[in-house]
Amino acid sequence: MSTTLENEVQAVCRKQPGLHRVNYPSGLSCRLEGVFLLNAQYKKTLIRDEYKLRIDIPISYPEKAPLLYEIGNRITLPTFEHRNLDKTLCLASQLEIRNYYRSDHSLNDFIKDFVDSYLFGYSYLEKYGVLPFGERAHGPQGEYEFLRGFLGIRDDSKIKQFIERVCAPDFLYVPSSKCPCGSGMNMGFCQHRRLLTDVSNLSFLHICLKYL
């Protein structure tokens with residue numbers, strides 16, 4: 001385990017003293033398990049709760065995000081579908097999480113931004129019968145919902161066409177040519193010009209293509 005990750009794990013354990021390191025299989029850098037204390041607020045609603053969780057941190061972290069499991073048989077409401085077939089918690093769309101880790105975020109950041117929100121939503125659903133901030137669709141449709149916001153394109157078919165064209169081997173950024181987003185604007189004036197000229201964003205679009 002790298003020094004950076006070791007420091008991040010220690011920071012998580014300080015903030016969540018109910019979590020402890022346990023033995024883990026090959027393929028992981030670390031596994032934390034135990035009682036997770038939720039203390040989160042949305043608007044005027046404060047929720048304090050606790051869940052039994054397991055957090056698996058892959059060797060490839062942060063390229064691959066941590067995997068979360070609820071091990072206390074708490075998240076069972078049939079109206080809540082955000083659990084994957086492998087029993088991991090579906091914290092957000094895969095592309096949203098991949099995009100999140102393109103910036104400099106710590107393990108504690110990830111927990112605050114994704115785990116706290118997920119558990120707050122479930123506790124709120126148990127108490128009030130509705131989710132507090134809506135929900136993104138589960139599965140492939142959720143990926144398209146993320147891409148609508150990320151790209152500013154509302155039509156899913158145009159999203160796919162745009163990404164496929166940009167990821168094509170013969171694609172070139174030509175400011176005077178029409179943008180493949182379908183806006184009718186030249187690339188040099190379109191809102192996507194920064195995306196089309198940034199190596200990191202172009203690499204991310206190639207990742208996005210795998211999810212379409």
# chains A, B, ... in the order shown; residues from 1 in each chain; ligands from 1
>>> residues_around(residues="Arg98 in chain A", least_positions_apart="6", cutoff="12 Å", atoms="only C-alpha atoms", output="PyMOL selection string")
chain A and resi 61-66+92+104-105+110+143+146+201+203-205+207-208+211
>>> atom_distance(atom1="CA of Phe150 in chain A", atom2="CA of Arg165 in chain A")
16.9 Å
>>> closest_residue(among="A:Lys210, A:Val115, A:Ile59, A:Leu151", to="Leu195 in chain A", atoms="only C-alpha atoms")
A:Leu151
>>> closest_residue(among="A:Phe80, A:Tyr144, A:Tyr118, A:Phe189", to="Ile163 in chain A", atoms="only C-alpha atoms")
A:Tyr144
>>> atom_distance(atom1="CA of Leu91 in chain A", atom2="CA of Thr3 in chain A")
26.5 Å
>>> residues_around(residues="Arg21 in chain A", least_positions_apart="4", cutoff="9 Å", atoms="only C-alpha atoms", output="number ranges by chain")
A: 13, 30-34
>>> atom_distance(atom1="CA of Pro169 in chain A", atom2="CA of His192 in chain A")
18.7 Å
>>> closest_residue(among="A:Gln16, A:Arg193, A:Gln94, A:His206", to="Ser176 in chain A", atoms="only C-alpha atoms")
A:Arg193
>>> decode(residues="range 143-159 of chain A", atoms="all heavy atoms", output="PDB file, in the first residue's frame")
ATOM      1  N   GLU A 143     -26.047   6.089 -16.645  1.00  0.00           N
ATOM      2  CA  GLU A 143     -24.835   6.603 -17.285  1.00  0.00           C
ATOM      3  C   GLU A 143     -25.188   7.714 -18.271  1.00  0.00           C
ATOM      4  O   GLU A 143     -24.496   8.740 -18.345  1.00  0.00           O
ATOM      5  CB  GLU A 143     -24.090   5.474 -18.014  1.00  0.00           C
ATOM      6  CG  GLU A 143     -23.773   4.249 -17.164  1.00  0.00           C
ATOM      7  CD  GLU A 143     -22.865   4.548 -15.978  1.00  0.00           C
ATOM      8  OE1 GLU A 143     -22.194   5.597 -15.960  1.00  0.00           O
ATOM      9  OE2 GLU A 143     -22.827   3.702 -15.065  1.00  0.00           O
ATOM     10  N   TYR A 144     -26.277   7.523 -19.011  1.00  0.00           N
ATOM     11  CA  TYR A 144     -26.711   8.560 -19.944  1.00  0.00           C
ATOM     12  C   TYR A 144     -27.161   9.813 -19.191  1.00  0.00           C
ATOM     13  O   TYR A 144     -26.931  10.932 -19.651  1.00  0.00           O
ATOM     14  CB  TYR A 144     -27.841   8.045 -20.834  1.00  0.00           C
ATOM     15  CG  TYR A 144     -27.349   7.337 -22.080  1.00  0.00           C
ATOM     16  CD1 TYR A 144     -27.355   5.955 -22.162  1.00  0.00           C
ATOM     17  CD2 TYR A 144     -26.877   8.064 -23.169  1.00  0.00           C
ATOM     18  CE1 TYR A 144     -26.899   5.300 -23.305  1.00  0.00           C
ATOM     19  CE2 TYR A 144     -26.419   7.417 -24.316  1.00  0.00           C
ATOM     20  CZ  TYR A 144     -26.431   6.042 -24.373  1.00  0.00           C
ATOM     21  OH  TYR A 144     -25.969   5.404 -25.495  1.00  0.00           O
ATOM     22  N   GLU A 145     -27.798   9.633 -18.044  1.00  0.00           N
ATOM     23  CA  GLU A 145     -28.215  10.797 -17.264  1.00  0.00           C
ATOM     24  C   GLU A 145     -27.000  11.621 -16.842  1.00  0.00           C
ATOM     25  O   GLU A 145     -27.034  12.859 -16.871  1.00  0.00           O
ATOM     26  CB  GLU A 145     -29.014  10.351 -16.043  1.00  0.00           C
ATOM     27  CG  GLU A 145     -30.404   9.840 -16.388  1.00  0.00           C
ATOM     28  CD  GLU A 145     -31.168   9.371 -15.163  1.00  0.00           C
ATOM     29  OE1 GLU A 145     -30.710   9.606 -14.031  1.00  0.00           O
ATOM     30  OE2 GLU A 145     -32.243   8.760 -15.343  1.00  0.00           O
ATOM     31  N   PHE A 146     -25.937  10.944 -16.429  1.00  0.00           N
ATOM     32  CA  PHE A 146     -24.711  11.675 -16.090  1.00  0.00           C
ATOM     33  C   PHE A 146     -24.167  12.401 -17.312  1.00  0.00           C
ATOM     34  O   PHE A 146     -23.774  13.574 -17.234  1.00  0.00           O
ATOM     35  CB  PHE A 146     -23.654  10.717 -15.539  1.00  0.00           C
ATOM     36  CG  PHE A 146     -22.273  11.313 -15.558  1.00  0.00           C
ATOM     37  CD1 PHE A 146     -21.904  12.267 -14.625  1.00  0.00           C
ATOM     38  CD2 PHE A 146     -21.360  10.932 -16.539  1.00  0.00           C
ATOM     39  CE1 PHE A 146     -20.637  12.846 -14.662  1.00  0.00           C
ATOM     40  CE2 PHE A 146     -20.091  11.505 -16.573  1.00  0.00           C
ATOM     41  CZ  PHE A 146     -19.735  12.457 -15.634  1.00  0.00           C
ATOM     42  N   LEU A 147     -24.121  11.727 -18.453  1.00  0.00           N
ATOM     43  CA  LEU A 147     -23.537  12.310 -19.657  1.00  0.00           C
ATOM     44  C   LEU A 147     -24.339  13.508 -20.157  1.00  0.00           C
ATOM     45  O   LEU A 147     -23.764  14.439 -20.741  1.00  0.00           O
ATOM     46  CB  LEU A 147     -23.416  11.254 -20.750  1.00  0.00           C
ATOM     47  CG  LEU A 147     -22.327  10.203 -20.506  1.00  0.00           C
ATOM     48  CD1 LEU A 147     -22.452   9.055 -21.498  1.00  0.00           C
ATOM     49  CD2 LEU A 147     -20.941  10.837 -20.602  1.00  0.00           C
ATOM     50  N   ARG A 148     -25.646  13.519 -19.924  1.00  0.00           N
ATOM     51  CA  ARG A 148     -26.434  14.691 -20.323  1.00  0.00           C
ATOM     52  C   ARG A 148     -25.924  15.941 -19.625  1.00  0.00           C
ATOM     53  O   ARG A 148     -25.781  16.998 -20.233  1.00  0.00           O
ATOM     54  CB  ARG A 148     -27.916  14.482 -19.979  1.00  0.00           C
ATOM     55  CG  ARG A 148     -28.640  13.473 -20.850  1.00  0.00           C
ATOM     56  CD  ARG A 148     -30.044  13.239 -20.336  1.00  0.00           C
ATOM     57  NE  ARG A 148     -30.515  11.896 -20.655  1.00  0.00           N
ATOM     58  CZ  ARG A 148     -31.484  11.269 -20.001  1.00  0.00           C
ATOM     59  NH1 ARG A 148     -32.084  11.869 -18.978  1.00  0.00           N
ATOM     60  NH2 ARG A 148     -31.846  10.058 -20.354  1.00  0.00           N
ATOM     61  N   GLY A 149     -25.649  15.805 -18.341  1.00  0.00           N
ATOM     62  CA  GLY A 149     -25.128  16.946 -17.605  1.00  0.00           C
ATOM     63  C   GLY A 149     -23.684  17.257 -17.961  1.00  0.00           C
ATOM     64  O   GLY A 149     -23.307  18.428 -18.088  1.00  0.00           O
ATOM     65  N   PHE A 150     -22.882  16.234 -18.123  1.00  0.00           N
ATOM     66  CA  PHE A 150     -21.457  16.416 -18.399  1.00  0.00           C
ATOM     67  C   PHE A 150     -21.233  17.062 -19.765  1.00  0.00           C
ATOM     68  O   PHE A 150     -20.377  17.940 -19.915  1.00  0.00           O
ATOM     69  CB  PHE A 150     -20.743  15.063 -18.334  1.00  0.00           C
ATOM     70  CG  PHE A 150     -19.276  15.131 -18.613  1.00  0.00           C
ATOM     71  CD1 PHE A 150     -18.399  15.643 -17.665  1.00  0.00           C
ATOM     72  CD2 PHE A 150     -18.756  14.677 -19.821  1.00  0.00           C
ATOM     73  CE1 PHE A 150     -17.022  15.712 -17.918  1.00  0.00           C
ATOM     74  CE2 PHE A 150     -17.391  14.737 -20.078  1.00  0.00           C
ATOM     75  CZ  PHE A 150     -16.525  15.256 -19.118  1.00  0.00           C
ATOM     76  N   LEU A 151     -22.006  16.638 -20.758  1.00  0.00           N
ATOM     77  CA  LEU A 151     -21.812  17.126 -22.122  1.00  0.00           C
ATOM     78  C   LEU A 151     -22.747  18.270 -22.492  1.00  0.00           C
ATOM     79  O   LEU A 151     -22.498  18.976 -23.473  1.00  0.00           O
ATOM     80  CB  LEU A 151     -22.010  15.977 -23.124  1.00  0.00           C
ATOM     81  CG  LEU A 151     -21.024  14.815 -23.030  1.00  0.00           C
ATOM     82  CD1 LEU A 151     -21.442  13.700 -23.982  1.00  0.00           C
ATOM     83  CD2 LEU A 151     -19.607  15.282 -23.339  1.00  0.00           C
ATOM     84  N   GLY A 152     -23.832  18.425 -21.734  1.00  0.00           N
ATOM     85  CA  GLY A 152     -24.801  19.443 -22.103  1.00  0.00           C
ATOM     86  C   GLY A 152     -25.601  19.065 -23.337  1.00  0.00           C
ATOM     87  O   GLY A 152     -26.074  19.931 -24.086  1.00  0.00           O
ATOM     88  N   ILE A 153     -25.760  17.779 -23.574  1.00  0.00           N
ATOM     89  CA  ILE A 153     -26.550  17.268 -24.699  1.00  0.00           C
ATOM     90  C   ILE A 153     -27.714  16.484 -24.115  1.00  0.00           C
ATOM     91  O   ILE A 153     -27.515  15.565 -23.317  1.00  0.00           O
ATOM     92  CB  ILE A 153     -25.705  16.362 -25.623  1.00  0.00           C
ATOM     93  CG1 ILE A 153     -24.490  17.123 -26.162  1.00  0.00           C
ATOM     94  CG2 ILE A 153     -26.552  15.822 -26.771  1.00  0.00           C
ATOM     95  CD1 ILE A 153     -23.533  16.251 -26.977  1.00  0.00           C
ATOM     96  N   ARG A 154     -28.928  16.825 -24.488  1.00  0.00           N
ATOM     97  CA  ARG A 154     -30.102  16.221 -23.870  1.00  0.00           C
ATOM     98  C   ARG A 154     -30.563  14.949 -24.568  1.00  0.00           C
ATOM     99  O   ARG A 154     -31.217  14.106 -23.955  1.00  0.00           O
ATOM    100  CB  ARG A 154     -31.277  17.218 -23.857  1.00  0.00           C
ATOM    101  CG  ARG A 154     -30.942  18.571 -23.263  1.00  0.00           C
ATOM    102  CD  ARG A 154     -30.307  18.460 -21.883  1.00  0.00           C
ATOM    103  NE  ARG A 154     -31.165  17.773 -20.923  1.00  0.00           N
ATOM    104  CZ  ARG A 154     -30.800  17.430 -19.702  1.00  0.00           C
ATOM    105  NH1 ARG A 154     -29.562  17.666 -19.297  1.00  0.00           N
ATOM    106  NH2 ARG A 154     -31.643  16.830 -18.892  1.00  0.00           N
ATOM    107  N   ASP A 155     -30.261  14.808 -25.849  1.00  0.00           N
ATOM    108  CA  ASP A 155     -30.721  13.661 -26.637  1.00  0.00           C
ATOM    109  C   ASP A 155     -29.707  12.529 -26.515  1.00  0.00           C
ATOM    110  O   ASP A 155     -28.539  12.663 -26.897  1.00  0.00           O
ATOM    111  CB  ASP A 155     -30.870  14.091 -28.101  1.00  0.00           C
ATOM    112  CG  ASP A 155     -31.513  13.016 -28.962  1.00  0.00           C
ATOM    113  OD1 ASP A 155     -31.125  11.834 -28.831  1.00  0.00           O
ATOM    114  OD2 ASP A 155     -32.387  13.350 -29.774  1.00  0.00           O
ATOM    115  N   ASP A 156     -30.150  11.369 -25.990  1.00  0.00           N
ATOM    116  CA  ASP A 156     -29.231  10.248 -25.765  1.00  0.00           C
ATOM    117  C   ASP A 156     -28.614   9.730 -27.060  1.00  0.00           C
ATOM    118  O   ASP A 156     -27.445   9.322 -27.080  1.00  0.00           O
ATOM    119  CB  ASP A 156     -29.954   9.108 -25.043  1.00  0.00           C
ATOM    120  CG  ASP A 156     -30.280   9.453 -23.597  1.00  0.00           C
ATOM    121  OD1 ASP A 156     -29.825  10.517 -23.122  1.00  0.00           O
ATOM    122  OD2 ASP A 156     -30.984   8.660 -22.944  1.00  0.00           O
ATOM    123  N   SER A 157     -29.379   9.740 -28.146  1.00  0.00           N
ATOM    124  CA  SER A 157     -28.823   9.258 -29.413  1.00  0.00           C
ATOM    125  C   SER A 157     -27.720  10.192 -29.905  1.00  0.00           C
ATOM    126  O   SER A 157     -26.714   9.740 -30.469  1.00  0.00           O
ATOM    127  CB  SER A 157     -29.929   9.137 -30.472  1.00  0.00           C
ATOM    128  OG  SER A 157     -30.505  10.406 -30.759  1.00  0.00           O
ATOM    129  N   LYS A 158     -27.870  11.497 -29.656  1.00  0.00           N
ATOM    130  CA  LYS A 158     -26.838  12.451 -30.056  1.00  0.00           C
ATOM    131  C   LYS A 158     -25.606  12.330 -29.160  1.00  0.00           C
ATOM    132  O   LYS A 158     -24.485  12.567 -29.602  1.00  0.00           O
ATOM    133  CB  LYS A 158     -27.394  13.869 -30.023  1.00  0.00           C
ATOM    134  CG  LYS A 158     -28.402  14.149 -31.128  1.00  0.00           C
ATOM    135  CD  LYS A 158     -28.853  15.604 -31.113  1.00  0.00           C
ATOM    136  CE  LYS A 158     -29.816  15.879 -32.265  1.00  0.00           C
ATOM    137  NZ  LYS A 158     -30.289  17.294 -32.255  1.00  0.00           N
ATOM    138  N   ILE A 159     -25.835  11.969 -27.889  1.00  0.00           N
ATOM    139  CA  ILE A 159     -24.702  11.720 -26.988  1.00  0.00           C
ATOM    140  C   ILE A 159     -23.846  10.593 -27.541  1.00  0.00           C
ATOM    141  O   ILE A 159     -22.615  10.704 -27.631  1.00  0.00           O
ATOM    142  CB  ILE A 159     -25.202  11.372 -25.569  1.00  0.00           C
ATOM    143  CG1 ILE A 159     -25.760  12.612 -24.887  1.00  0.00           C
ATOM    144  CG2 ILE A 159     -24.074  10.761 -24.730  1.00  0.00           C
ATOM    145  CD1 ILE A 159     -26.410  12.329 -23.539  1.00  0.00           C
TER     146      ILE A 159
END
